[in-house]
Amino acid sequence: MSPKVGAALYYVGRFLQVFAMWILLVDIFTAGPLGPAPNPFYAGVAMFLAGWLMVRTASGTTSR
């Protein structure tokens with residue numbers, strides 16, 4: 001992977017993580033008595049995990 005593609009992938013992944021955390025926080029703080037709405041919550045979790053995987057791929061680190 002070229003350095004420019006890796007850097008772009010890294011920053012897109014970080015942006016997805018920040019945006020997903022914003023969605024999750026808004027969904028939790030605007031929740032009614034029944035709790036947060038499931039669809040935005042699931043979308044936020046999926047976007048956060050996708051961003052995390054993109055950052056992990058771009059930085060070339062693994063947990064092993």
# chains A, B, ... in the order shown; residues from 1 in each chain; ligands from 1

$ residues_around --residues "Pro36 in chain A" --least-positions-apart "3" --cutoff "6 Å" --atoms "only C-alpha atoms" --output "list in words"
Asp27, Ile28 and Ala31 of chain A

$ residues_around --residues "range 45-52 of chain A" --least-positions-apart "4" --cutoff "9 Å" --atoms "only C-alpha atoms" --output "ChimeraX atom specification"
/A:10,12-21,24,40-41,56-57

$ select_by_dssp --residues "range 1-43 of chain A" --states "alpha helix (DSSP H)" --output "JSON, numbers by chain"
{"A": [3, 4, 5, 6, 7, 8, 9, 10, 11, 12, 13, 14, 15, 16, 17, 18, 19, 20, 21, 22, 23, 24, 25, 26, 27, 28, 29, 38, 39, 40, 41, 42, 43]}

$ closest_residue --among "A:Met1, A:Thr30, A:Val55, A:Trp22" --to "Ala43 in chain A" --atoms "only C-alpha atoms"
A:Trp22

$ closest_residue --among "A:Leu9, A:Ile23, A:Ala37, A:Lys4" --to "Leu53 in chain A" --atoms "only C-alpha atoms"
A:Leu9

$ closest_residue --among "A:Gly32, A:Thr61, A:Met54, A:Tyr42" --to "Gly6 in chain A" --atoms "only C-alpha atoms"
A:Met54

$ decode --residues "chain A" --atoms "C-alpha atoms" --output "short mmCIF file (atom, residue, chain, number, x, y, z; two decimals), in the first residue's frame"
data_model
loop_
_atom_site.label_atom_id
_atom_site.label_comp_id
_atom_site.auth_asym_id
_atom_site.auth_seq_id
_atom_site.Cartn_x
_atom_site.Cartn_y
_atom_site.Cartn_z
CA MET A 1 0.00 0.00 0.00
CA SER A 2 1.37 3.40 -0.94
CA PRO A 3 1.91 5.95 1.83
CA LYS A 4 -0.74 8.32 0.43
CA VAL A 5 -3.38 5.59 0.26
CA GLY A 6 -2.46 4.45 3.76
CA ALA A 7 -2.73 8.00 5.12
CA ALA A 8 -6.08 8.56 3.40
CA LEU A 9 -7.40 5.26 4.74
CA TYR A 10 -6.20 6.19 8.22
CA TYR A 11 -7.91 9.59 8.23
CA VAL A 12 -11.14 8.26 6.72
CA GLY A 13 -11.19 5.59 9.41
CA ARG A 14 -10.62 8.16 12.17
CA PHE A 15 -13.38 10.36 10.73
CA LEU A 16 -15.76 7.38 10.75
CA GLN A 17 -14.89 6.71 14.38
CA VAL A 18 -15.54 10.31 15.42
CA PHE A 19 -18.79 10.51 13.46
CA ALA A 20 -19.97 7.18 14.88
CA MET A 21 -19.22 8.31 18.43
CA TRP A 22 -21.23 11.48 17.79
CA ILE A 23 -24.19 9.39 16.54
CA LEU A 24 -23.96 7.13 19.58
CA LEU A 25 -23.78 10.03 22.04
CA VAL A 26 -26.72 11.85 20.43
CA ASP A 27 -28.74 8.65 20.40
CA ILE A 28 -28.00 7.93 24.07
CA PHE A 29 -28.60 11.49 25.32
CA THR A 30 -31.85 11.92 23.37
CA ALA A 31 -33.16 8.53 24.44
CA GLY A 32 -36.57 8.34 25.97
CA PRO A 33 -37.72 6.10 28.78
CA LEU A 34 -37.41 3.00 26.58
CA GLY A 35 -33.72 3.60 25.85
CA PRO A 36 -31.90 4.55 22.65
CA ALA A 37 -33.40 3.86 19.25
CA PRO A 38 -31.88 0.64 17.90
CA ASN A 39 -31.29 1.66 14.27
CA PRO A 40 -29.02 4.68 14.89
CA PHE A 41 -27.30 2.78 17.68
CA TYR A 42 -26.53 -0.20 15.41
CA ALA A 43 -25.38 2.13 12.63
CA GLY A 44 -23.06 3.95 15.04
CA VAL A 45 -21.54 0.71 16.30
CA ALA A 46 -21.07 -0.60 12.75
CA MET A 47 -19.45 2.65 11.59
CA PHE A 48 -17.14 2.71 14.60
CA LEU A 49 -16.00 -0.86 13.97
CA ALA A 50 -15.49 -0.15 10.25
CA GLY A 51 -13.39 2.89 11.12
CA TRP A 52 -11.40 0.90 13.65
CA LEU A 53 -10.67 -1.79 11.07
CA MET A 54 -9.62 0.84 8.52
CA VAL A 55 -7.21 2.45 10.99
CA ARG A 56 -5.85 -0.93 11.98
CA THR A 57 -5.29 -1.86 8.33
CA ALA A 58 -3.69 1.49 7.47
CA SER A 59 -1.33 1.51 10.43
CA GLY A 60 -0.30 -2.10 9.88
CA THR A 61 -0.64 -3.14 13.49
CA THR A 62 -2.16 -6.34 14.72
CA SER A 63 -2.98 -7.52 18.20
CA ARG A 64 -0.73 -10.57 17.97
#
